[in-house]
file structure-v2.cif (mmCIF, C-alpha atoms and all ligand atoms)
data_entry
loop_
_atom_site.label_atom_id
_atom_site.label_comp_id
_atom_site.auth_asym_id
_atom_site.auth_seq_id
_atom_site.Cartn_x
_atom_site.Cartn_y
_atom_site.Cartn_z
CA MET A 2 -70.27 192.97 196.98
CA GLY A 3 -67.05 194.72 195.92
CA GLU A 4 -66.93 198.47 195.57
CA LEU A 5 -66.32 199.80 192.07
CA LYS A 6 -63.53 202.33 192.21
CA GLY A 7 -64.86 205.80 191.37
CA GLU A 8 -62.48 206.37 188.45
CA LEU A 9 -63.49 203.16 186.61
CA LYS A 10 -65.43 203.86 183.41
CA VAL A 11 -67.65 201.54 181.40
CA ASP A 12 -65.71 200.21 178.41
CA GLU A 13 -68.59 199.69 175.95
CA GLY A 14 -67.96 196.55 173.91
CA LEU A 15 -64.72 195.97 175.90
CA LYS A 16 -62.88 197.90 173.20
CA GLU A 17 -60.00 198.88 175.45
CA THR A 18 -59.97 195.87 177.76
CA ILE A 19 -57.23 193.25 177.78
CA ALA A 20 -59.19 190.34 179.25
CA CYS A 21 -56.44 187.74 179.53
CA ALA A 22 -52.84 186.89 178.66
CA SER A 23 -52.42 184.29 175.94
CA THR A 24 -49.68 182.56 173.94
CA ILE A 25 -51.94 181.55 171.04
CA CYS A 26 -52.50 184.46 168.69
CA ARG A 27 -50.74 187.79 168.16
CA ILE A 28 -52.44 190.71 166.43
CA GLU A 29 -50.37 193.85 166.32
CA LEU A 30 -50.77 197.00 164.28
CA ILE A 31 -47.43 198.55 163.40
CA GLU A 32 -47.22 201.66 161.20
CA GLY A 33 -50.39 200.97 159.23
CA THR A 34 -49.74 197.25 158.79
CA ALA A 35 -51.36 194.43 160.71
CA ILE A 36 -49.36 191.47 161.93
CA LEU A 37 -51.26 188.28 162.60
CA GLU A 38 -49.42 185.27 163.99
CA TYR A 39 -50.44 181.90 165.41
CA ARG A 40 -48.01 180.81 168.14
CA GLY A 41 -45.49 183.25 166.63
CA TYR A 42 -45.84 182.11 162.99
CA ASN A 43 -47.02 184.69 160.46
CA ILE A 44 -50.39 184.01 158.83
CA HIS A 45 -48.98 184.66 155.33
CA ASP A 46 -46.25 182.01 155.85
CA LEU A 47 -48.81 179.55 157.15
CA ALA A 48 -51.24 180.24 154.28
CA LYS A 49 -48.43 179.74 151.75
CA ASN A 50 -46.63 176.74 153.21
CA SER A 51 -48.78 174.91 155.74
CA ASN A 52 -52.02 172.95 155.78
CA TYR A 53 -54.97 172.91 158.18
CA GLU A 54 -53.88 169.78 160.04
CA GLU A 55 -50.45 171.30 160.74
CA VAL A 56 -51.99 174.60 161.87
CA ALA A 57 -54.45 172.78 164.16
CA TYR A 58 -51.49 170.90 165.67
CA LEU A 59 -49.59 174.18 166.10
CA LEU A 60 -52.54 175.83 167.86
CA LEU A 61 -53.14 172.84 170.12
CA TYR A 62 -49.57 171.96 171.06
CA GLY A 63 -47.81 175.31 170.65
CA GLU A 64 -45.13 174.06 168.22
CA LEU A 65 -45.01 173.02 164.58
CA PRO A 66 -45.02 169.21 164.34
CA THR A 67 -42.17 167.11 162.99
CA LYS A 68 -42.99 165.01 159.91
CA SER A 69 -43.86 161.94 161.98
CA GLU A 70 -45.88 163.98 164.51
CA LEU A 71 -47.90 165.50 161.66
CA GLU A 72 -48.49 162.09 160.07
CA LEU A 73 -49.69 160.69 163.38
CA PHE A 74 -51.92 163.71 164.09
CA SER A 75 -53.45 163.55 160.58
CA GLU A 76 -54.12 159.84 161.07
CA GLU A 77 -55.73 160.53 164.46
CA LEU A 78 -58.06 163.06 162.84
CA LYS A 79 -58.97 160.62 160.06
CA GLU A 80 -59.78 157.91 162.63
CA ARG A 81 -62.19 160.28 164.36
CA ARG A 82 -64.09 161.56 161.29
CA GLU A 83 -66.96 159.09 161.43
CA LEU A 84 -70.07 159.97 163.43
CA PRO A 85 -71.76 157.69 165.95
CA PRO A 86 -75.12 156.41 164.62
CA GLN A 87 -76.94 158.43 167.30
CA ILE A 88 -75.59 161.67 165.79
CA ILE A 89 -76.65 160.58 162.31
CA GLY A 90 -80.07 159.81 163.82
CA LEU A 91 -80.19 163.32 165.29
CA LEU A 92 -79.32 164.88 161.92
CA THR A 93 -82.09 162.85 160.33
CA HIS A 94 -84.65 163.92 162.90
CA LEU A 95 -83.96 167.65 162.93
CA PRO A 96 -86.32 169.59 160.63
CA PRO A 97 -84.58 170.07 157.25
CA PHE A 98 -85.16 173.84 157.46
CA THR A 99 -83.07 174.10 160.67
CA HIS A 100 -80.16 176.47 160.17
CA PRO A 101 -76.98 174.34 159.89
CA MET A 102 -75.36 176.32 162.73
CA VAL A 103 -78.25 175.37 165.01
CA VAL A 104 -77.73 171.78 163.87
CA LEU A 105 -74.02 172.03 164.63
CA ARG A 106 -74.41 173.32 168.17
CA THR A 107 -77.08 170.70 168.86
CA ALA A 108 -74.88 167.89 167.53
CA ILE A 109 -71.87 169.11 169.54
CA SER A 110 -73.98 169.07 172.68
CA TYR A 111 -75.16 165.55 171.83
CA LEU A 112 -71.55 164.43 171.32
CA GLY A 113 -70.89 165.68 174.86
CA SER A 114 -73.67 163.52 176.22
CA MET A 115 -71.96 160.49 174.68
CA ASP A 116 -68.53 161.21 176.17
CA LYS A 117 -68.25 159.42 179.49
CA TYR A 118 -65.19 161.57 180.29
CA ILE A 119 -67.13 164.77 179.60
CA HIS A 120 -66.12 166.40 182.89
CA PHE A 121 -62.44 165.38 182.77
CA LYS A 122 -60.11 168.33 182.17
CA SER A 123 -56.60 166.87 182.29
CA HIS A 124 -54.42 168.05 179.40
CA GLU A 125 -54.54 164.61 177.77
CA LYS A 126 -58.33 164.27 178.01
CA SER A 127 -58.82 167.82 176.70
CA ILE A 128 -56.56 167.16 173.70
CA GLU A 129 -58.51 163.96 173.03
CA LYS A 130 -61.83 165.83 172.99
CA ALA A 131 -60.28 168.57 170.85
CA LYS A 132 -59.12 166.09 168.19
CA SER A 133 -62.54 164.46 168.10
CA LEU A 134 -64.32 167.81 167.65
CA ILE A 135 -61.90 169.01 164.93
CA ALA A 136 -62.38 165.72 163.06
CA LYS A 137 -66.15 165.37 163.41
CA ILE A 138 -67.43 168.90 162.76
CA PRO A 139 -66.89 168.67 158.96
CA THR A 140 -68.76 165.35 158.88
CA ILE A 141 -71.69 166.83 160.84
CA VAL A 142 -71.88 169.77 158.41
CA ALA A 143 -71.63 167.64 155.25
CA TYR A 144 -74.01 164.94 156.50
CA PHE A 145 -76.74 167.34 157.58
CA HIS A 146 -76.67 168.96 154.16
CA ARG A 147 -76.89 165.62 152.38
CA ILE A 148 -79.70 164.43 154.67
CA ARG A 149 -81.77 167.61 154.24
CA THR A 150 -81.39 167.38 150.46
CA GLY A 151 -82.26 163.68 150.36
CA GLN A 152 -78.83 162.51 149.19
CA LYS A 153 -76.99 159.42 150.35
CA LEU A 154 -74.23 159.82 152.92
CA ILE A 155 -70.65 159.61 151.72
CA ASN A 156 -68.15 157.82 153.97
CA PRO A 157 -65.05 159.86 154.84
CA ASN A 158 -62.16 159.15 152.45
CA ASP A 159 -58.85 158.39 154.20
CA GLU A 160 -56.93 159.24 151.05
CA LEU A 161 -58.01 162.87 151.33
CA ASN A 162 -56.85 165.54 153.74
CA HIS A 163 -59.18 167.43 156.09
CA ALA A 164 -60.32 170.09 153.60
CA ALA A 165 -60.57 167.86 150.52
CA ASN A 166 -62.44 165.19 152.45
CA PHE A 167 -65.05 167.73 153.56
CA LEU A 168 -65.73 168.83 149.98
CA TYR A 169 -65.88 165.17 148.94
CA MET A 170 -68.40 164.30 151.70
CA LEU A 171 -70.46 167.39 150.85
CA HIS A 172 -70.57 167.09 147.06
CA GLY A 173 -70.06 163.34 146.56
CA GLU A 174 -67.13 163.90 144.23
CA GLU A 175 -63.49 164.72 144.80
CA PRO A 176 -62.61 168.42 144.53
CA THR A 177 -60.05 169.73 142.05
CA GLU A 178 -56.61 170.53 143.40
CA THR A 179 -57.39 174.28 143.29
CA GLU A 180 -60.67 173.78 145.18
CA ALA A 181 -59.10 171.59 147.87
CA LYS A 182 -56.21 174.02 148.31
CA ALA A 183 -58.58 177.00 148.49
CA LEU A 184 -60.62 175.46 151.31
CA ASP A 185 -57.46 174.32 153.11
CA VAL A 186 -56.07 177.86 153.09
CA ASP A 187 -59.46 179.28 154.05
CA LEU A 188 -59.56 177.01 157.12
CA ILE A 189 -56.04 178.09 158.09
CA LEU A 190 -57.08 181.75 157.82
CA HIS A 191 -60.11 181.15 160.04
CA ALA A 192 -58.37 178.90 162.58
CA ASP A 193 -57.86 181.55 165.26
CA HIS A 194 -58.17 185.25 165.91
CA GLU A 195 -57.35 186.01 169.52
CA LEU A 196 -60.30 187.18 171.62
CA ASN A 197 -62.98 187.46 168.93
CA ALA A 198 -66.50 187.21 170.36
CA SER A 199 -66.94 183.44 169.93
CA THR A 200 -63.54 182.60 171.41
CA PHE A 201 -64.21 184.94 174.31
CA ALA A 202 -67.54 183.18 174.85
CA ALA A 203 -65.68 179.85 174.89
CA ARG A 204 -63.17 181.20 177.41
CA ILE A 205 -65.89 182.62 179.66
CA SER A 206 -67.52 179.19 179.75
CA ALA A 207 -64.15 177.49 180.33
CA SER A 208 -63.43 179.91 183.17
CA THR A 209 -66.38 178.45 185.06
CA LEU A 210 -64.79 175.02 184.45
CA ALA A 211 -67.70 174.00 182.23
CA ASP A 212 -66.98 170.95 180.04
CA MET A 213 -65.34 171.42 176.64
CA TYR A 214 -68.53 170.65 174.70
CA ALA A 215 -70.42 173.34 176.65
CA CYS A 216 -67.64 175.82 175.86
CA VAL A 217 -67.75 174.96 172.14
CA VAL A 218 -71.56 175.24 172.14
CA SER A 219 -71.20 178.75 173.64
CA ALA A 220 -68.71 179.62 170.92
CA THR A 221 -70.85 178.13 168.14
CA GLY A 222 -73.90 180.08 169.27
CA THR A 223 -71.90 183.30 169.42
CA LEU A 224 -70.28 182.82 166.01
CA MET A 225 -73.65 182.68 164.31
CA GLY A 226 -74.54 186.36 164.84
CA PRO A 227 -74.33 188.59 161.74
CA LEU A 228 -71.86 190.94 163.41
CA HIS A 229 -69.45 187.99 163.71
CA GLY A 230 -69.28 184.82 161.56
CA GLY A 231 -72.83 185.28 160.31
CA ALA A 232 -71.60 188.14 158.12
CA SER A 233 -70.39 185.88 155.27
CA GLN A 234 -73.88 184.51 154.63
CA LYS A 235 -75.22 188.09 154.60
CA VAL A 236 -72.45 189.10 152.19
CA MET A 237 -73.61 186.41 149.79
CA GLU A 238 -77.22 187.60 150.09
CA MET A 239 -75.96 191.07 149.16
CA LEU A 240 -73.92 189.80 146.18
CA ARG A 241 -76.98 187.94 144.90
CA GLU A 242 -79.14 191.04 145.34
CA ILE A 243 -76.64 193.23 143.45
CA ALA A 244 -76.39 190.53 140.75
CA VAL A 245 -74.15 192.49 138.34
CA PRO A 246 -71.01 194.53 139.08
CA TRP A 247 -72.32 197.82 137.64
CA ARG A 248 -75.13 197.89 140.23
CA ALA A 249 -72.73 197.71 143.19
CA GLU A 250 -72.02 201.41 143.58
CA ALA A 251 -75.65 202.53 143.63
CA TYR A 252 -76.53 199.70 146.02
CA VAL A 253 -73.77 200.63 148.47
CA LYS A 254 -74.54 204.36 148.26
CA GLU A 255 -78.23 203.79 148.95
CA LYS A 256 -77.57 201.46 151.91
CA LEU A 257 -75.12 203.88 153.48
CA GLU A 258 -77.45 206.84 152.95
CA LYS A 259 -80.13 204.89 154.81
CA GLY A 260 -77.64 204.36 157.65
CA GLU A 261 -77.43 200.63 157.05
CA LYS A 262 -74.28 198.57 157.47
CA ILE A 263 -72.61 196.81 154.58
CA MET A 264 -71.86 193.29 155.73
CA GLY A 265 -68.26 192.10 155.46
CA PHE A 266 -66.83 195.58 156.16
CA GLY A 267 -65.32 197.15 159.25
CA HIS A 268 -63.57 195.47 162.13
CA ARG A 269 -63.11 196.03 165.83
CA VAL A 270 -59.32 195.65 165.64
CA TYR A 271 -58.35 196.52 162.05
CA LYS A 272 -59.46 200.15 161.89
CA ASN A 273 -58.09 201.73 158.68
CA VAL A 274 -55.70 198.79 158.39
CA MET A 275 -56.17 195.88 156.02
CA ASP A 276 -56.94 192.57 157.73
CA PRO A 277 -54.10 190.29 156.53
CA ARG A 278 -56.58 187.45 156.09
CA THR A 279 -58.60 189.54 153.63
CA LEU A 280 -55.55 189.90 151.37
CA GLU A 281 -55.14 186.12 151.27
CA LEU A 282 -58.86 185.46 150.80
CA LYS A 283 -59.10 187.98 147.97
CA GLU A 284 -56.35 186.12 146.15
CA LEU A 285 -58.12 182.79 146.74
CA ALA A 286 -61.36 184.28 145.43
CA ARG A 287 -59.57 185.69 142.39
CA LYS A 288 -57.98 182.32 141.60
CA LEU A 289 -61.26 180.42 141.90
CA ALA A 290 -62.97 183.07 139.76
CA GLU A 291 -60.32 182.69 137.06
CA GLU A 292 -60.89 178.95 136.93
CA GLY A 293 -64.66 179.01 137.45
CA GLU A 294 -67.52 181.51 137.79
CA PRO A 295 -66.05 185.06 137.73
CA LYS A 296 -69.29 186.88 138.65
CA TRP A 297 -69.09 186.87 142.46
CA PHE A 298 -65.51 188.07 142.54
CA LYS A 299 -66.25 190.89 140.10
CA ILE A 300 -69.25 192.09 142.12
CA SER A 301 -67.19 191.84 145.31
CA GLU A 302 -64.43 194.01 143.87
CA ALA A 303 -67.01 196.60 142.80
CA VAL A 304 -68.55 196.59 146.31
CA GLU A 305 -65.12 196.95 147.91
CA GLU A 306 -64.38 199.97 145.73
CA ALA A 307 -67.73 201.60 146.46
CA VAL A 308 -67.58 201.07 150.25
CA TYR A 309 -64.13 202.62 150.30
CA LYS A 310 -65.31 205.54 148.18
CA TYR A 311 -68.33 206.36 150.35
CA LYS A 312 -67.29 205.21 153.84
CA LYS A 313 -63.52 204.55 153.77
CA LEU A 314 -64.10 201.09 155.24
CA LEU A 315 -62.03 198.02 154.38
CA PRO A 316 -63.32 194.48 153.81
CA ASN A 317 -62.95 191.98 156.66
CA VAL A 318 -62.39 188.22 156.72
CA ASP A 319 -66.03 187.49 155.90
CA PHE A 320 -66.18 189.53 152.72
CA TYR A 321 -64.12 187.54 150.21
CA SER A 322 -64.92 184.29 152.07
CA ALA A 323 -68.36 184.56 150.49
CA SER A 324 -67.17 184.44 146.88
CA VAL A 325 -64.64 181.72 147.79
CA TYR A 326 -67.43 179.54 149.19
CA ALA A 327 -69.81 180.32 146.33
CA ASN A 328 -67.16 179.13 143.87
CA LEU A 329 -66.66 175.98 145.93
CA HIS A 330 -70.41 175.39 145.40
CA ILE A 331 -71.08 175.57 149.13
CA PRO A 332 -74.71 176.51 149.91
CA ASP A 333 -75.03 180.00 151.44
CA ASP A 334 -76.40 178.79 154.77
CA LEU A 335 -73.32 176.58 155.32
CA PHE A 336 -70.91 179.53 155.16
CA ILE A 337 -70.86 180.08 158.94
CA ASN A 338 -70.32 176.36 159.45
CA ILE A 339 -67.17 176.55 157.31
CA PHE A 340 -65.96 179.34 159.59
CA ALA A 341 -66.65 177.06 162.59
CA MET A 342 -64.80 174.17 160.88
CA GLY A 343 -61.71 176.37 160.79
CA ARG A 344 -62.18 178.16 164.13
CA ILE A 345 -62.67 174.97 166.14
CA ALA A 346 -58.87 174.57 166.35
CA GLY A 347 -58.55 178.02 167.95
CA TRP A 348 -61.54 177.51 170.22
CA VAL A 349 -60.18 174.32 171.72
CA ALA A 350 -56.67 175.77 172.09
CA HIS A 351 -58.15 178.74 174.00
CA ILE A 352 -60.38 176.50 176.13
CA ILE A 353 -57.36 174.41 177.15
CA GLU A 354 -55.30 177.54 177.85
CA GLN A 355 -58.15 178.91 179.98
CA TYR A 356 -58.45 175.65 181.97
CA GLU A 357 -54.71 175.67 182.60
CA THR A 358 -54.34 179.32 183.64
CA ASN A 359 -57.82 179.75 185.03
CA ARG A 360 -59.31 182.70 186.81
CA LEU A 361 -63.10 183.08 186.67
CA ILE A 362 -64.06 185.72 184.09
CA ARG A 363 -66.62 187.89 185.81
CA PRO A 364 -66.54 191.61 184.98
CA ARG A 365 -68.72 194.25 186.60
CA ALA A 366 -71.54 196.39 185.27
CA GLN A 367 -72.04 200.03 186.12
CA TYR A 368 -75.57 200.21 187.50
CA ILE A 369 -77.49 203.17 186.00
CA GLY A 370 -81.07 202.30 187.02
CA PRO A 371 -83.11 203.71 189.93
CA LYS A 372 -81.71 203.05 193.40
CA SER A 373 -83.01 202.03 196.82
CA ARG A 374 -86.73 202.35 195.99
CA GLU A 375 -89.46 201.80 198.50
CA TYR A 376 -91.43 198.61 197.86
CA ILE A 377 -95.07 199.43 197.06
CA PRO A 378 -97.72 196.80 197.87
CA LEU A 379 -99.60 195.54 194.80
CA SER A 380 -102.92 197.02 195.99
CA LYS A 381 -101.43 200.55 195.94
CA ARG A 382 -99.56 200.29 192.64
CA GLU A 383 -102.28 201.32 190.16
CA PHE A 384 -100.66 204.38 188.62
CA GLN A 385 -97.06 203.36 189.20
CA SER A 386 -96.41 201.30 186.09
CA LYS A 387 -97.02 203.93 183.40
CA LYS A 388 -93.86 202.99 181.57
CA LEU A 389 -94.90 199.38 181.12
CA THR A 390 -97.05 198.81 178.07
CA VAL A 391 -98.46 195.32 177.74
CA LYS A 392 -98.81 194.34 174.09
N1 LIG B 1 -71.05 199.35 157.13
C1 LIG B 1 -71.27 200.64 157.33
N2 LIG B 1 -70.77 201.34 158.36
C2 LIG B 1 -70.00 200.66 159.23
C3 LIG B 1 -69.73 199.30 159.09
C4 LIG B 1 -70.28 198.63 157.98
N3 LIG B 1 -70.05 197.35 157.78
N4 LIG B 1 -68.93 198.91 160.09
C5 LIG B 1 -68.72 199.97 160.85
N5 LIG B 1 -69.37 201.04 160.32
C6 LIG B 1 -69.37 202.38 160.86
C7 LIG B 1 -70.32 202.47 162.04
O1 LIG B 1 -71.62 202.76 161.64
C8 LIG B 1 -69.67 203.56 162.84
O2 LIG B 1 -69.92 204.78 162.16
P1 LIG B 1 -70.19 206.11 162.96
O3 LIG B 1 -68.92 206.39 163.72
O4 LIG B 1 -70.50 207.09 161.89
O5 LIG B 1 -71.34 205.82 163.86
C9 LIG B 1 -68.17 203.31 162.64
O6 LIG B 1 -68.07 202.65 161.38
C10 LIG B 1 -67.57 202.43 163.74
O7 LIG B 1 -68.26 201.16 163.74
P2 LIG B 1 -68.69 200.34 165.01
O8 LIG B 1 -69.84 199.48 164.67
O9 LIG B 1 -68.82 201.26 166.18
O10 LIG B 1 -67.38 199.48 165.23
P3 LIG B 1 -67.26 198.23 166.15
O11 LIG B 1 -65.80 198.04 166.36
O12 LIG B 1 -68.12 198.35 167.34
O13 LIG B 1 -67.88 197.06 165.26
C11 LIG B 1 -68.12 195.48 163.53
C12 LIG B 1 -67.13 196.28 164.40
C13 LIG B 1 -67.35 194.39 162.82
C14 LIG B 1 -69.20 194.85 164.40
C15 LIG B 1 -68.75 196.44 162.51
O14 LIG B 1 -67.75 196.96 161.67
C16 LIG B 1 -69.83 195.76 161.68
O15 LIG B 1 -70.98 195.69 162.13
N6 LIG B 1 -69.51 195.26 160.47
C17 LIG B 1 -70.47 194.55 159.67
C18 LIG B 1 -70.62 193.11 160.12
C19 LIG B 1 -69.41 192.27 159.78
O16 LIG B 1 -68.92 192.30 158.67
N7 LIG B 1 -68.97 191.50 160.76
C20 LIG B 1 -67.84 190.61 160.61
C21 LIG B 1 -66.71 191.08 161.44
S1 LIG B 1 -65.24 190.15 161.12
#

call {"tool": "encode", "arguments": {"input": "structure-v2.cif", "output": "structure tokens", "more": "lines below"}}
Ligand code: COA
result
Amino acid sequence: MGELKGELKVDEGLKETIACASTICRIELIEGTAILEYRGYNIHDLAKNSNYEEVAYLLLYGELPTKSELELFSEELKERRELPPQIIGLLTHLPPFTHPMVVLRTAISYLGSMDKYIHFKSHEKSIEKAKSLIAKIPTIVAYFHRIRTGQKLINPNDELNHAANFLYMLHGEEPTETEAKALDVDLILHADHELNASTFAARISASTLADMYACVVSATGTLMGPLHGGASQKVMEMLREIAVPWRAEAYVKEKLEKGEKIMGFGHRVYKNVMDPRTLELKELARKLAEEGEPKWFKISEAVEEAVYKYKKLLPNVDFYSASVYANLHIPDDLFINIFAMGRIAGWVAHIIEQYETNRLIRPRAQYIGPKSREYIPLSKREFQSKKLTVK
């Protein structure tokens, strides 16, 4: 067992640790402004000019596609949208009250069991698995929702792009142009974010050379927590509880006075700096509110103002996502799944990068418990276990 050097200190939450080198995502804070880039392309340019398929290609291959490369890639995704009947069977058999993120990680694991090349990690085989996962995750999400609500399944529509097709499969009718564009941009904004907890979980799994499905299951499980992707669902619960904008300030004040966190605020990296994705999402939320239900956006703005007033915290990516999804008529418990639908492109890009530059990720812990204790035989241990209370 290696010696820990005396001067090494525990870095709680790995706040100051650079755990790997990567060419996928750049986050840099320069003079109070945050720069976020995928493969060197600014998130604002991508949100304005690109689409999810192109961004997924960029993350996977490292370069923007040519027109014909993008057409081919989009076709390849369309060809992979349908689910094998076994997966539809699984979705039918899972209890309808199962959280859709639990459904998603179970279905991804099942997809792995059906891939006879599951353990192959060549670049080509990894890209193949990546395309299949990117294409199928929206179908899994939409189909489970339709099954649990007793609605008939809608075949994927090849005329529609990735985002629009998801809304079509979920709702059974084609989205408006504004709705399709809003989800498309939302998926771009969620597609990657360097070593966030779920991506790090994926890379840890990949560093053991676990198969890609196992790595994505690790990531999916990690994303679900309320301190990560689970925050958007909690934000929506809060917006529903507040119900009208004028109640926001008192609600926020009371929560903060009780020492509770306000979901959708604060960030490990963007301290006192606005997350560039939040700016884009706020505009999306505003646009959807102007064309549809304005309530959620108005409450959100009031919450943002109050949290800044009482705690000087800024909203993160999950905050305005909630009102975007509510106005796309997405059920609250699917919000995290939408995050996963976007983030899958980043996860697979990071898994492939980890495979190809691999070093096992295995940090150390500083042991702070009792040391070198004498073993006491059971018969003599009567008064030793005072600290253990059996409930
Ligand atoms: N509401 C209220 N206070 C918050 C807060 C929130 N959402 N987020 C952070 N704070 C406070 C902490 O209580 C702490 O205050 P203190 O110094 O008085 O103790 C301070 O801000 C630092 O927060 P901390 O939790 O230590 O930062 P972190 O970098 O470890 O955690 C998050 C970052 C994202 C986990 C944290 O901000 C959070 O829990 N946010 C809510 C969940 C969320 O929206 N997650 C999605 C992230 S994209």

call {"tool": "residues_near_ligand", "arguments": {"input": "structure-v2.cif", "ligand": "ligand LIG 1 (chain B)", "cutoff": "6 Å", "atoms": "only C-alpha atoms and all ligand atoms", "output": "JSON, numbers by chain"}}
result
{"A": [228, 229, 232, 262, 263, 264, 265, 266, 267, 268, 269, 317, 318, 319]}

call {"tool": "residues_around", "arguments": {"input": "structure-v2.cif", "residues": "stretch 31-41 of chain A", "least_positions_apart": "2", "cutoff": "9 Å", "atoms": "all atoms listed in the file", "output": "list in words"}}
result
Thr24, Ile25, Cys26, Arg27, Ile28, Glu29, Asn43, Ile44, His45, Leu47, Val56, Leu59, Leu60, Gly63, Glu64, Ala192, Asp193, His194, Tyr271, Asn273, Val274, Met275, Asp276, Pro277 and Arg278 of chain A

call {"tool": "closest_residue", "arguments": {"input": "structure-v2.cif", "among": "A:Leu134, A:Ala164, A:Leu71, A:Leu257", "to": "A:Lys313", "atoms": "all atoms listed in the file"}}
result
A:Leu257

call {"tool": "residues_around", "arguments": {"input": "structure-v2.cif", "residues": "A:Leu105", "least_positions_apart": "2", "cutoff": "9 Å", "atoms": "only C-alpha atoms", "output": "list in words"}}
result
His100, Pro101, Met102, Val103, Thr107, Ala108, Ile109, Ser110, Ile138, Ile141, Val142, Phe145, Val218, Thr221 and Asn338 of chain A

call {"tool": "atom_distance", "arguments": {"input": "structure-v2.cif", "atom1": "atom CA of A:Ser206", "atom2": "atom CA of A:Tyr356"}}
result
10.0 Å

call {"tool": "closest_residue", "arguments": {"input": "structure-v2.cif", "among": "A:Pro97, A:Thr177, A:Leu190, A:Gln152", "to": "A:Met342", "atoms": "only C-alpha atoms"}}
result
A:Leu190

call {"tool": "residues_around", "arguments": {"input": "structure-v2.cif", "residues": "A:Ala202", "least_positions_apart": "6", "cutoff": "7 Å", "atoms": "all atoms listed in the file", "output": "mmCIF file with C-alpha atoms, in the frame of the given file"}}
result
data_model
loop_
_atom_site.group_PDB
_atom_site.id
_atom_site.type_symbol
_atom_site.label_atom_id
_atom_site.label_comp_id
_atom_site.auth_asym_id
_atom_site.auth_seq_id
_atom_site.Cartn_x
_atom_site.Cartn_y
_atom_site.Cartn_z
ATOM 1 C CA SER A 219 -71.200 178.750 173.640
ATOM 2 C CA ALA A 220 -68.710 179.620 170.920
ATOM 3 C CA THR A 223 -71.900 183.300 169.420
#

call {"tool": "closest_residue", "arguments": {"input": "structure-v2.cif", "among": "A:Glu294, A:Glu284, A:Glu55, A:Asp334", "to": "A:Lys235", "atoms": "all atoms listed in the file"}}
result
A:Asp334

call {"tool": "closest_residue", "arguments": {"input": "structure-v2.cif", "among": "A:Asn197, A:Thr93, A:Ser114, A:Ser133", "to": "A:Leu15", "atoms": "all atoms listed in the file"}}
result
A:Asn197

call {"tool": "residues_around", "arguments": {"input": "structure-v2.cif", "residues": "A:Tyr58", "least_positions_apart": "2", "cutoff": "12 Å", "atoms": "only C-alpha atoms", "output": "MDAnalysis selection string"}}
result
chainID A and resid 25 39:40 51:56 60:68 70:75 77:78 128 131:132 135 189 192 345:347 349:350

call {"tool": "closest_residue", "arguments": {"input": "structure-v2.cif", "among": "A:Leu112, A:Ile300, A:Leu335, A:Val245", "to": "A:Asp212", "atoms": "only C-alpha atoms"}}
result
A:Leu112

call {"tool": "axis_aligned_box", "arguments": {"input": "structure-v2.cif", "around": "stretch 12-18 of chain A", "padding_each_side": "8 Å", "output": "JSON"}}
result
{"center_x": -64.3, "center_y": 198.0, "center_z": 175.8, "size_x": 24.6, "size_y": 20.3, "size_z": 21.2}

call {"tool": "atom_distance", "arguments": {"input": "structure-v2.cif", "atom1": "atom CA of A:Ala251", "atom2": "atom CA of A:Val304"}}
result
9.6 Å

call {"tool": "closest_residue", "arguments": {"input": "structure-v2.cif", "among": "A:Tyr368, A:Ile362, A:Ala207, A:Lys254", "to": "A:His120", "atoms": "only C-alpha atoms"}}
result
A:Ala207

call {"tool": "atom_distance", "arguments": {"input": "structure-v2.cif", "atom1": "atom CA of A:Ala143", "atom2": "atom CA of A:Arg241"}}
result
23.4 Å
